[in-house]
Structure formats: C-alpha cells, structure tokens
>>> print(open('work.cif').read())   # mmCIF, C-alpha atoms
data_protein
#
loop_
_atom_site.label_atom_id
_atom_site.label_comp_id
_atom_site.auth_asym_id
_atom_site.auth_seq_id
_atom_site.Cartn_x
_atom_site.Cartn_y
_atom_site.Cartn_z
CA GLN X 1 -13.99 14.54 29.33
CA MET X 2 -12.47 12.44 32.11
CA ALA X 3 -9.72 15.03 32.50
CA THR X 4 -12.15 17.93 33.03
CA THR X 5 -15.84 17.55 33.80
CA PHE X 6 -15.82 14.07 35.32
CA ILE X 7 -13.07 15.05 37.74
CA ILE X 8 -14.86 18.28 38.67
CA GLN X 9 -18.02 16.31 39.33
CA GLY X 10 -16.12 13.74 41.39
CA THR X 11 -14.52 16.34 43.67
CA VAL X 12 -17.89 17.18 45.26
CA MET X 13 -18.92 13.54 45.80
CA ALA X 14 -18.28 11.39 48.88
CA LYS X 15 -15.31 9.02 48.79
CA GLY X 16 -15.98 5.39 48.10
CA PHE X 17 -14.93 2.96 50.84
CA GLY X 18 -13.29 5.92 52.55
CA PHE X 19 -10.30 6.21 50.17
CA ILE X 20 -11.55 6.20 46.53
CA ASP X 21 -11.70 9.77 45.26
CA ALA X 22 -11.89 11.52 41.88
CA SER X 23 -8.18 11.08 41.13
CA THR X 24 -8.34 7.29 41.46
CA MET X 25 -11.51 6.83 39.42
CA ASN X 26 -9.47 6.88 36.20
CA ASN X 27 -8.38 3.36 37.08
CA ALA X 28 -11.94 2.21 36.41
CA ASP X 29 -11.49 3.23 32.78
CA ALA X 30 -8.24 1.24 32.50
CA LEU X 31 -9.79 -1.84 34.07
CA SER X 32 -12.77 -1.52 31.75
CA VAL X 33 -10.52 -1.42 28.70
CA LEU X 34 -8.66 -4.54 29.83
CA PHE X 35 -11.80 -6.50 30.65
CA PHE X 36 -13.94 -5.59 27.66
CA GLY X 37 -10.95 -5.69 25.32
CA HIS X 38 -10.46 -9.34 26.20
CA LEU X 39 -14.15 -10.14 25.78
CA VAL X 40 -14.50 -8.35 22.46
CA GLY X 41 -11.27 -9.65 20.97
CA SER X 42 -11.54 -13.24 22.20
CA TYR X 43 -15.27 -13.93 22.01
CA PHE X 44 -17.33 -11.20 20.32
CA TYR X 45 -15.38 -10.72 17.07
CA PRO X 46 -14.63 -14.48 16.61
CA ALA X 47 -18.34 -15.28 17.10
CA LEU X 48 -19.27 -12.77 14.40
CA ALA X 49 -16.55 -14.12 12.08
CA ARG X 50 -17.89 -17.68 12.40
CA ARG X 51 -21.27 -16.40 11.22
CA GLY X 52 -19.77 -14.39 8.37
CA ILE X 53 -20.62 -11.03 9.94
CA LYS X 54 -18.20 -8.13 9.64
CA ILE X 55 -18.70 -4.81 11.39
CA GLU X 56 -17.74 -1.93 9.12
CA THR X 57 -15.27 0.63 10.37
CA THR X 58 -17.79 3.47 10.47
CA TYR X 59 -20.18 1.30 12.47
CA LYS X 60 -17.42 0.69 15.01
CA PHE X 61 -17.05 4.44 15.37
CA ALA X 62 -20.82 4.74 15.76
CA ILE X 63 -20.84 2.07 18.49
CA GLY X 64 -18.05 3.86 20.35
CA SER X 65 -19.86 7.20 20.05
CA THR X 66 -23.07 5.58 21.30
CA LEU X 67 -21.36 4.23 24.39
CA GLY X 68 -19.79 7.65 24.97
CA ALA X 69 -23.21 9.27 24.70
CA LEU X 70 -24.57 6.79 27.23
CA ALA X 71 -21.70 7.66 29.59
CA ILE X 72 -22.57 11.37 29.33
CA ALA X 73 -26.22 10.55 29.87
CA TRP X 74 -25.24 8.71 33.05
CA ALA X 75 -23.24 11.77 34.14
CA LEU X 76 -26.42 13.86 33.68
CA PHE X 77 -28.24 11.38 35.90
CA ILE X 78 -25.54 11.87 38.57
CA GLU X 79 -26.00 15.64 38.18
CA TYR X 80 -29.65 15.20 39.02
CA ARG X 81 -28.81 13.11 42.11
CA ILE X 82 -26.22 15.62 43.35
CA HIS X 83 -28.66 18.52 43.12
CA SER X 84 -31.59 16.60 44.55
CA SER X 85 -29.57 15.21 47.49
CA TYR X 86 -28.14 18.63 48.33
CA ASN X 87 -31.54 20.32 48.15
CA HIS X 88 -33.11 17.58 50.28
CA ASP X 89 -30.71 17.26 53.20
CA GLY X 90 -27.35 18.65 52.02
CA SER X 91 -25.75 15.20 51.72
CA GLN X 92 -23.21 14.03 49.13
CA VAL X 93 -23.58 11.29 46.55
CA ASN X 94 -21.04 8.45 46.65
CA ILE X 95 -18.39 8.66 43.96
CA LEU X 96 -18.84 4.99 43.07
CA TRP X 97 -21.85 6.08 41.02
CA GLN X 98 -19.34 7.34 38.47
CA CYS X 99 -18.05 3.81 37.80
CA VAL X 100 -20.82 3.23 35.27
CA ALA X 101 -19.74 6.25 33.21
CA TYR X 102 -16.08 5.20 33.25
CA ILE X 103 -16.97 1.63 32.28
CA LEU X 104 -19.08 2.81 29.34
CA ILE X 105 -16.28 5.07 28.13
CA GLY X 106 -13.74 2.25 28.38
CA CYS X 107 -16.00 -0.09 26.43
CA GLY X 108 -16.51 2.58 23.78
CA GLU X 109 -12.76 2.98 23.39
CA ILE X 110 -12.53 -0.70 22.43
CA PHE X 111 -14.59 -0.02 19.31
CA ALA X 112 -13.73 3.58 18.41
CA VAL X 113 -10.05 3.91 19.31
CA SER X 114 -9.05 0.45 18.06
CA ALA X 115 -10.92 1.12 14.79
CA ALA X 116 -9.01 4.39 14.42
CA TYR X 117 -5.68 2.56 14.79
CA GLU X 118 -6.85 -0.07 12.30
CA VAL X 119 -7.82 2.49 9.67
CA ALA X 120 -4.60 4.45 10.14
CA PHE X 121 -2.56 1.30 9.56
CA LYS X 122 -4.59 -0.12 6.67
CA ALA X 123 -5.31 3.04 4.69
CA SER X 124 -1.76 4.37 4.76
CA PRO X 125 0.85 3.47 2.09
CA PRO X 126 3.35 0.74 3.09
CA GLU X 127 6.21 3.21 3.42
CA LYS X 128 4.22 5.66 5.62
CA LYS X 129 2.50 3.36 8.11
CA SER X 130 4.62 4.50 11.05
CA LEU X 131 3.86 8.15 10.27
CA ALA X 132 0.13 7.39 9.97
CA SER X 133 0.14 5.58 13.33
CA ALA X 134 1.87 8.53 14.97
CA LEU X 135 -0.64 11.00 13.50
CA ASN X 136 -3.51 8.81 14.65
CA LEU X 137 -2.09 8.73 18.18
CA PHE X 138 -1.93 12.52 18.14
CA CYS X 139 -5.49 12.80 16.80
CA VAL X 140 -6.90 10.35 19.35
CA GLY X 141 -5.02 11.52 22.44
CA GLY X 142 -3.97 15.09 21.75
CA ILE X 143 -6.55 16.91 19.66
CA PRO X 144 -9.64 15.89 21.73
CA ASN X 145 -8.04 17.12 24.95
CA VAL X 146 -7.13 20.44 23.33
CA LEU X 147 -10.66 20.84 21.96
CA CYS X 148 -12.03 19.99 25.38
CA ILE X 149 -9.97 22.76 26.96
CA PHE X 150 -11.18 25.31 24.38
CA LEU X 151 -14.78 24.17 24.88
CA TYR X 152 -14.40 24.42 28.65
CA ASN X 153 -13.08 27.97 28.38
CA ALA X 154 -15.92 28.89 26.00
CA CYS X 155 -18.49 27.57 28.51
CA ARG X 156 -16.68 28.94 31.55
CA SER X 157 -19.67 30.96 32.71
CA TRP X 158 -21.62 27.78 33.41
CA PHE X 159 -19.00 26.83 36.01
CA ARG X 160 -19.35 30.15 37.89
CA THR X 161 -20.60 29.85 41.47
CA GLU X 162 -22.59 32.20 43.66
CA ARG X 163 -19.34 33.70 44.95
CA GLY X 164 -18.42 34.77 41.40
CA THR X 165 -15.53 32.31 40.96
CA THR X 166 -15.12 29.26 38.78
CA SER X 167 -13.27 27.25 41.41
CA ILE X 168 -15.51 24.43 42.60
CA HIS X 169 -14.28 22.74 45.79
CA ASN X 170 -17.45 21.68 47.64
CA VAL X 171 -20.98 20.60 46.96
CA GLU X 172 -22.39 24.06 47.77
CA ASP X 173 -20.43 25.65 44.93
CA TYR X 174 -21.30 22.82 42.58
CA ALA X 175 -25.02 23.08 43.33
CA SER X 176 -24.99 26.79 42.52
CA ALA X 177 -23.22 26.27 39.16
CA GLN X 178 -24.78 25.07 35.90
CA VAL X 179 -22.44 22.24 34.97
CA TYR X 180 -25.31 20.17 33.55
CA LYS X 181 -25.47 22.52 30.55
CA TYR X 182 -21.92 21.56 29.67
CA PHE X 183 -22.89 17.88 29.83
CA LEU X 184 -25.80 18.58 27.46
CA VAL X 185 -23.41 20.10 24.91
CA LEU X 186 -21.20 17.02 25.14
CA PHE X 187 -24.23 14.79 24.67
CA VAL X 188 -25.24 16.64 21.50
CA ILE X 189 -21.68 16.31 20.12
CA ALA X 190 -21.76 12.56 20.77
CA LEU X 191 -25.11 12.25 18.97
CA PHE X 192 -23.68 14.18 16.02
CA GLY X 193 -20.79 11.71 15.82
CA ILE X 194 -23.24 8.80 15.75
CA VAL X 195 -25.24 10.30 12.89
CA VAL X 196 -22.15 11.12 10.80
CA ASN X 197 -20.72 7.61 11.10
CA LEU X 198 -24.06 6.05 10.10
CA LEU X 199 -24.30 8.02 6.84
CA PRO X 200 -23.99 5.73 3.77
CA SER X 201 -21.73 8.20 1.96
CA VAL X 202 -19.24 8.20 4.84
CA LYS X 203 -19.36 4.42 4.97
CA GLN X 204 -18.64 4.06 1.24
CA TYR X 205 -15.83 6.62 1.42
CA VAL X 206 -14.05 4.73 4.21
CA ILE X 207 -14.57 1.40 2.42
CA SER X 208 -13.06 2.80 -0.79
CA ILE X 209 -10.00 4.01 1.10
CA GLU X 210 -9.53 0.61 2.72
CA GLU X 211 -9.90 -1.21 -0.62
CA THR X 212 -7.41 1.09 -2.32
CA ALA X 213 -4.92 0.52 0.49
CA SER X 214 -5.40 -3.26 0.35
CA ASP X 215 -4.81 -3.24 -3.44
CA MET X 216 -1.58 -1.32 -2.90
CA VAL X 217 -0.41 -3.97 -0.46
CA LYS X 218 -1.32 -6.85 -2.82
CA THR X 219 0.17 -5.21 -5.94
CA PRO X 220 2.77 -2.69 -4.79
CA VAL X 221 3.99 -0.06 -7.20
CA MET X 222 7.32 -1.22 -8.56
CA LYS X 223 9.93 1.45 -8.97
CA LYS X 224 11.84 1.55 -12.24
CA ARG X 225 15.22 -0.02 -11.77
CA PRO X 226 18.04 2.32 -12.79
CA GLN X 227 20.33 1.10 -15.54
CA ARG X 228 23.94 0.32 -14.87
CA ASN X 229 26.39 3.13 -15.30
CA LEU X 230 28.69 1.16 -17.60
CA ARG X 231 31.49 3.03 -19.29
CA SER X 232 31.72 2.80 -23.02
CA GLN X 233 33.92 0.06 -24.44
CA THR X 234 35.94 2.58 -26.40
CA SER X 235 37.39 4.00 -23.20
CA GLY X 236 39.33 0.77 -22.66
CA SER X 237 38.59 0.75 -18.93
CA SER X 238 36.98 -2.24 -17.27
CA ASP X 239 36.19 -0.51 -13.96
CA TYR X 240 32.60 -0.95 -12.89
CA SER X 241 30.83 0.50 -9.87
CA PRO X 242 27.52 -1.14 -8.97
CA THR X 243 24.47 0.98 -8.30
CA PRO X 244 23.03 1.27 -4.76
CA SER X 245 20.02 -0.88 -5.72
CA GLU X 246 22.40 -3.68 -6.76
CA THR X 247 24.61 -3.50 -3.71
CA ASP X 248 21.63 -3.40 -1.34
CA SER X 249 19.65 -6.17 -3.02
CA SER X 250 20.29 -8.87 -0.43
CA PRO X 251 22.96 -9.76 2.14
CA MET X 252 23.91 -12.95 0.29
CA LEU X 253 24.57 -11.09 -2.98
CA ARG X 254 26.61 -8.47 -1.17
CA VAL X 255 28.79 -11.18 0.34
CA LYS X 256 29.29 -12.83 -3.06
CA ARG X 257 30.17 -9.51 -4.68
CA HIS X 258 32.68 -8.76 -1.93
CA GLN X 259 34.30 -12.18 -2.35
CA ALA X 260 34.47 -11.65 -6.10
CA TYR X 261 36.01 -8.21 -5.54
CA LEU X 262 38.71 -9.68 -3.29
CA LYS X 263 39.48 -12.37 -5.88
CA TYR X 264 39.17 -10.53 -9.20
CA GLY X 265 39.31 -6.85 -8.34
CA SER X 266 36.82 -4.16 -9.32
CA GLY X 267 36.33 -5.39 -12.89
CA PRO X 268 33.27 -7.29 -14.10
CA VAL X 269 33.08 -10.92 -13.01
CA LEU X 270 31.84 -13.59 -15.41
CA TYR X 271 30.53 -16.68 -13.69
CA LYS X 272 30.73 -19.98 -15.56
CA GLN X 273 27.46 -21.81 -15.61
CA GLY X 274 27.47 -25.50 -16.50
CA SER X 275 24.88 -28.23 -16.77
CA MET X 276 24.50 -31.70 -15.37
CA ARG X 277 24.67 -33.28 -18.87
CA ALA X 278 27.42 -35.86 -19.29
CA GLY X 279 29.30 -35.55 -22.55
CA PRO X 280 32.30 -34.02 -24.28
CA SER X 281 33.35 -30.46 -23.67
CA LEU X 282 31.68 -27.81 -25.81
CA SER X 283 34.47 -25.27 -25.60
CA HIS X 284 35.75 -23.59 -28.79
CA GLU X 285 39.21 -25.14 -28.51
CA ASP X 286 37.85 -28.67 -28.47
CA ALA X 287 35.47 -27.91 -31.31
CA ASP X 288 38.32 -26.83 -33.63
CA LYS X 289 40.32 -30.05 -33.14
CA PRO X 290 39.52 -32.97 -35.47
CA LYS X 291 37.63 -35.70 -33.77
CA LYS X 292 39.27 -39.12 -33.58
CA SER X 293 37.36 -42.34 -33.83
CA THR X 294 37.26 -44.24 -30.53
CA ARG X 295 36.21 -47.61 -32.04
CA ARG X 296 38.90 -50.32 -31.93
CA SER X 297 38.74 -53.85 -33.42
CA LEU X 298 40.13 -56.86 -31.56
CA LYS X 299 42.64 -59.17 -33.21
CA LYS X 300 42.13 -62.93 -33.33
CA SER X 301 44.93 -63.57 -30.84
CA GLN X 302 43.38 -61.07 -28.44
CA VAL X 303 40.09 -62.88 -28.63
CA GLY X 304 41.81 -66.10 -27.50
CA LYS X 305 43.43 -64.35 -24.60
CA LEU X 306 40.11 -62.85 -23.67
CA TYR X 307 38.50 -66.27 -23.27
CA ARG X 308 41.75 -67.96 -22.03
CA THR X 309 42.01 -70.29 -24.98
CA SER X 310 44.75 -71.08 -27.45
CA ARG X 311 44.57 -72.16 -31.10
CA GLY X 312 42.69 -75.40 -31.62
CA GLN X 313 42.44 -76.23 -27.94
CA SER X 314 39.45 -76.24 -25.66
CA PRO X 315 39.72 -74.85 -22.14
CA LYS X 316 40.93 -77.32 -19.56
CA ARG X 317 38.67 -78.20 -16.68
CA PRO X 318 40.28 -79.01 -13.33
CA ASN X 319 39.50 -82.18 -11.39
CA VAL X 320 37.13 -81.28 -8.57
CA VAL X 321 35.80 -83.42 -5.72
CA THR X 322 32.65 -82.26 -3.95
CA THR X 323 31.19 -83.17 -0.60
CA PRO X 324 27.49 -84.03 -0.04
CA GLU X 325 26.99 -80.40 0.92
CA GLY X 326 28.37 -79.35 -2.45
CA ARG X 327 31.71 -77.94 -1.28
CA PRO X 328 34.59 -78.39 -3.76
CA ILE X 329 37.64 -80.46 -2.57
CA LYS X 330 40.83 -81.05 -4.51
CA ALA X 331 41.32 -84.60 -5.76
CA GLY X 332 43.78 -86.78 -3.78
CA VAL X 333 43.32 -84.92 -0.54
CA ILE X 334 40.83 -87.37 1.04
CA ALA X 335 42.26 -90.77 2.03
CA GLY X 336 40.35 -93.77 0.74
CA GLY X 337 38.93 -92.52 -2.49
CA GLY X 338 36.10 -95.02 -2.27
CA LYS X 339 34.52 -93.31 0.68
CA LYS X 340 30.77 -93.11 0.44
CA GLY X 341 29.25 -89.77 -0.33
CA VAL X 342 32.23 -88.40 -2.23
CA THR X 343 32.07 -88.14 -6.02
CA ARG X 344 34.82 -87.25 -8.40
CA GLN X 345 34.34 -85.15 -11.46
CA ASP X 346 36.89 -85.97 -14.11
CA SER X 347 37.52 -83.94 -17.09
CA PHE X 348 35.65 -84.88 -20.16
#
>>> encode(input="work.cif", output="structure tokens")
Amino acid sequence: QMATTFIIQGTVMAKGFGFIDASTMNNADALSVLFFGHLVGSYFYPALARRGIKIETTYKFAIGSTLGALAIAWALFIEYRIHSSYNHDGSQVNILWQCVAYILIGCGEIFAVSAAYEVAFKASPPEKKSLASALNLFCVGGIPNVLCIFLYNACRSWFRTERGTTSIHNVEDYASAQVYKYFLVLFVIALFGIVVNLLPSVKQYVISIEETASDMVKTPVMKKRPQRNLRSQTSGSSDYSPTPSETDSSPMLRVKRHQAYLKYGSGPVLYKQGSMRAGPSLSHEDADKPKKSTRRSLKKSQVGKLYRTSRGQSPKRPNVVTTPEGRPIKAGVIAGGGKKGVTRQDSF
C-alpha cells in the first residue's frame, strides 16, 4: 500500500523539515528494514535459540500481518488528524507522522517476507530451488501490487472529490473524499491474514511440507545408473564409448580417462592393481615354472674361510700395546719399553 494509499495521503500533508515529502518517505521503510533486520537476526533469534524456542513459519507470517495491521491502524489515526485539523482551522498535518506506519511495515517485512523466502528455499526440491526463489520473488513483489491496483480501481468511488474527479492534489480534495473506507478494507484483509496463519491446520500443513523437503535433502532420490553400452564379444570390436554419467562423474576421472585414451586408444583400459605384500610374483607364468630350492649347505673349507681359520690352527692375535687411556699402539713404536703406564699384551 506504500505505492498507492500512503503516497496519496502524504501528498496532502505538510513537508517535514521543509524538504521531506511523500516521495522520500519510502526511505523510512528501507531504514526500518536495515535496523530491525539487524536486531532480529543478531539478537532476537539467537536469544530464542539459546532458550530452545523456535517460531514456526506460520507464526512469522502472523507477526508480519499483525505489524501490517498496526501500520494501517496508524494510517487511520492520521486520517482522523487530517480531517479534524482541516475542519478546525484548515491546517495540514506534518508528514513525519507517517514514519510510524513505514517503520511498522518495515519491521513486519522482517518476519513475513524473510519467512516466505525461507519456505520457498526449504520446501522446494534441490533441483528447483532457483525456480522456487524466483516464483517467491514474483509472489511477494509482483502479485500484491497488481492486486492493490485492482482493489484501488474497484474502490475508486471512495477517492472521488466534490469536483467529481479522483485526482487528489490538496487537502481540500482529500477532506471531501472517503479514503478512510479504503484503509478499513485493508485493515480487514490484514486481520484475515492473521487468523489464517494462526489456524492449526495451516500450521501442520506448512510443517509437513518443510519436513518432507528436509527428508529429501538428507536422503536424496538416487537416479538409476544406466548400464554401459558394451558391444557383444562376438562382434570382435573392442571400441567402447563411455556414457555421459561416466564422463561427467568428476574432473579427476575425466583427466585419467583422457590420459588413458591418449596412451591406449579408445579400447577398454585394464589397470593393474597390486598390494604392499612382499613375496614372489603370483603371475601365471611364474606359477607354471618348477620351483627351485634356495637352501645351500656350506662346505667345511668355506666354514674355515668364514671364520678366518685354517685346519688345526687357532686364529693369531696381534701384539698390541695400549696407553693408560686405552688406545692401542703397535709394539716397538715407543722408545724405552719399560716406560711406566704402558703395558704389552703378548699373544697367548
């Protein structure tokens, strides 16, 4: 109604601060949405969540409709002031009185319009969420304005002045019209919206839609995967063309398939898969060959070489001289063999 009745009402009111008129009052609605949107989203909803309280979707619509009804009720109060001021001394009411109505409408949009976007996104299937959001935008912004125009044309006689025209440009024309009847119709429509959204059947219907949509998101319906179009083996052809679901599975698989195509051609590719087990090869060629024993016995002469001994002889031990620190020194190197602190280890 901001595009029709509120603007008509504002045209016959005095400007605020000398420059605020009916065309600039729409900014009050935008500022109200920004301010109350921050309060509701940052403080109101988190406070309810901490207490385990959740506002149902239909109740959000009812809250928005209630605030809209209060805005229309305030517009009826302004109607009374316009008529009473004109009948008293012919003066005009300041347009800043309309700020309350715009603020209430902006606050109501926080609950009603945001809930409509939420339902459109949650209740729609995963593959049709963008379409549902577009339809919701049309229903919220387009259909109400069209209905408002039709309602305005149906109630056009209430906007007729004493001169017989429906063009209202001054307070004299507005005082002679019956615009308040139009506001009463809007108030009744708002009350009807409140009652409908508070009905238990409507509440349960919306909850069932939301639960069904949430179950679809948690357990999506899996489409049956088409089988490969493999040619029969009797045809003798090894050409294979992958299905679109296989080629579009993931970017990494597409890269691997392209590399395999460049290396092996268009035929089927068999990848060898091994294990980390250490052991002999399990191929068929190795399995057919007879296994040879790997055990070897050492001869007696090889045992002697292994321990550096010969027949009947014990290993020789070299003469070693050690210092007090335990360092080995060859015998005969130090002059004066009787030097204190030096011991000589002879062979046994």
>>> atom_distance(input="work.cif", atom1="CA of Leu253 in chain X", atom2="CA of Ser130 in chain X")
28.9 Å
>>> residues_around(input="work.cif", residues="range 131-133 of chain X", least_positions_apart="4", cutoff="7 Å", atoms="all atoms listed in the file", output="PyMOL selection string")
chain X and resi 117+120-121+124+137
>>> write_last_selection(input="work.cif", atoms="C-alpha atoms", output="PDB file, in the frame of the given file")
ATOM      1  CA  TYR X 117      -5.680   2.560  14.790  1.00  0.00           C
ATOM      2  CA  ALA X 120      -4.600   4.450  10.140  1.00  0.00           C
ATOM      3  CA  PHE X 121      -2.560   1.300   9.560  1.00  0.00           C
ATOM      4  CA  SER X 124      -1.760   4.370   4.760  1.00  0.00           C
ATOM      5  CA  LEU X 137      -2.090   8.730  18.180  1.00  0.00           C
TER       6      LEU X 137
END
>>> resolve_selection(input="work.cif", expression="the PyMOL selection byres ((chain X and resi 63) around 8)", output="JSON, numbers by chain")
{"X": [59, 60, 61, 62, 64, 65, 66, 67, 108, 111, 112, 194]}
>>> closest_residue(input="work.cif", among="X:Thr24, X:Thr11, X:Ser157, X:Thr57", to="Val202 in chain X", atoms="all atoms listed in the file")
X:Thr57
>>> resolve_selection(input="work.cif", expression="the PyMOL selection byres ((chain X and resi 139-156) around 9)", output="list in words")
Gln1, Ala3, Thr4, Thr5, Val113, Ala116, Ala134, Leu135, Asn136, Leu137, Phe138, Ser157, Trp158, Phe159, Arg160, Thr166, Lys181 and Tyr182 of chain X
>>> closest_residue(input="work.cif", among="X:Val206, X:Ala175, X:Ile110, X:Leu184", to="Leu34 in chain X", atoms="only C-alpha atoms")
X:Ile110
>>> residues_near_point(input="work.cif", point="(-10.2, 0.9, 36.5)", cutoff="12 Å", atoms="only C-alpha atoms", output="list in words")
Ile20, Ser23, Thr24, Met25, Asn26, Asn27, Ala28, Asp29, Ala30, Leu31, Ser32, Val33, Leu34, Phe35, Phe36, Leu96, Gln98, Cys99, Val100, Ala101, Tyr102, Ile103, Leu104, Ile105, Gly106 and Cys107 of chain X
>>> closest_residue(input="work.cif", among="X:His258, X:Ala71, X:Glu211, X:Asn197", to="Glu109 in chain X", atoms="only C-alpha atoms")
X:Ala71
>>> atom_distance(input="work.cif", atom1="CA of Ala73 in chain X", atom2="CA of Tyr86 in chain X")
20.2 Å
>>> atom_distance(input="work.cif", atom1="CA of Val40 in chain X", atom2="CA of Ala123 in chain X")
23.0 Å
>>> closest_residue(input="work.cif", among="X:Val255, X:Val171, X:Leu199, X:Leu70", to="Phe187 in chain X", atoms="all atoms listed in the file")
X:Leu70
>>> decode(input="work.cif", residues="range 12-38 of chain X", atoms="C-alpha atoms", output="compact mmCIF listing (two decimals), in the first residue's frame")
# COMPACT_ATOMS: atom_id res chain seq x y z
CA VAL X 12 -1.84 16.45 1.25
CA MET X 13 0.40 16.66 4.34
CA ALA X 14 2.95 19.36 5.18
CA LYS X 15 6.60 18.65 4.37
CA GLY X 16 8.86 17.60 7.18
CA PHE X 17 11.82 19.89 7.88
CA GLY X 18 10.85 21.77 4.73
CA PHE X 19 12.09 19.13 2.24
CA ILE X 20 10.72 15.68 3.24
CA ASP X 21 7.69 14.88 1.12
CA ALA X 22 5.68 11.78 0.18
CA SER X 23 8.19 10.58 -2.42
CA THR X 24 11.06 10.46 0.09
CA MET X 25 9.11 8.73 2.86
CA ASN X 26 9.80 5.34 1.26
CA ASN X 27 13.33 5.66 2.64
CA ALA X 28 11.89 5.24 6.12
CA ASP X 29 10.80 1.74 5.16
CA ALA X 30 14.29 0.87 3.88
CA LEU X 31 15.95 2.20 7.02
CA SER X 32 13.47 0.28 9.15
CA VAL X 33 14.30 -2.96 7.36
CA LEU X 34 18.03 -2.43 7.87
CA PHE X 35 17.71 -1.53 11.54
CA PHE X 36 15.20 -4.13 12.65
CA GLY X 37 16.75 -6.78 10.41
CA HIS X 38 20.00 -6.41 12.32
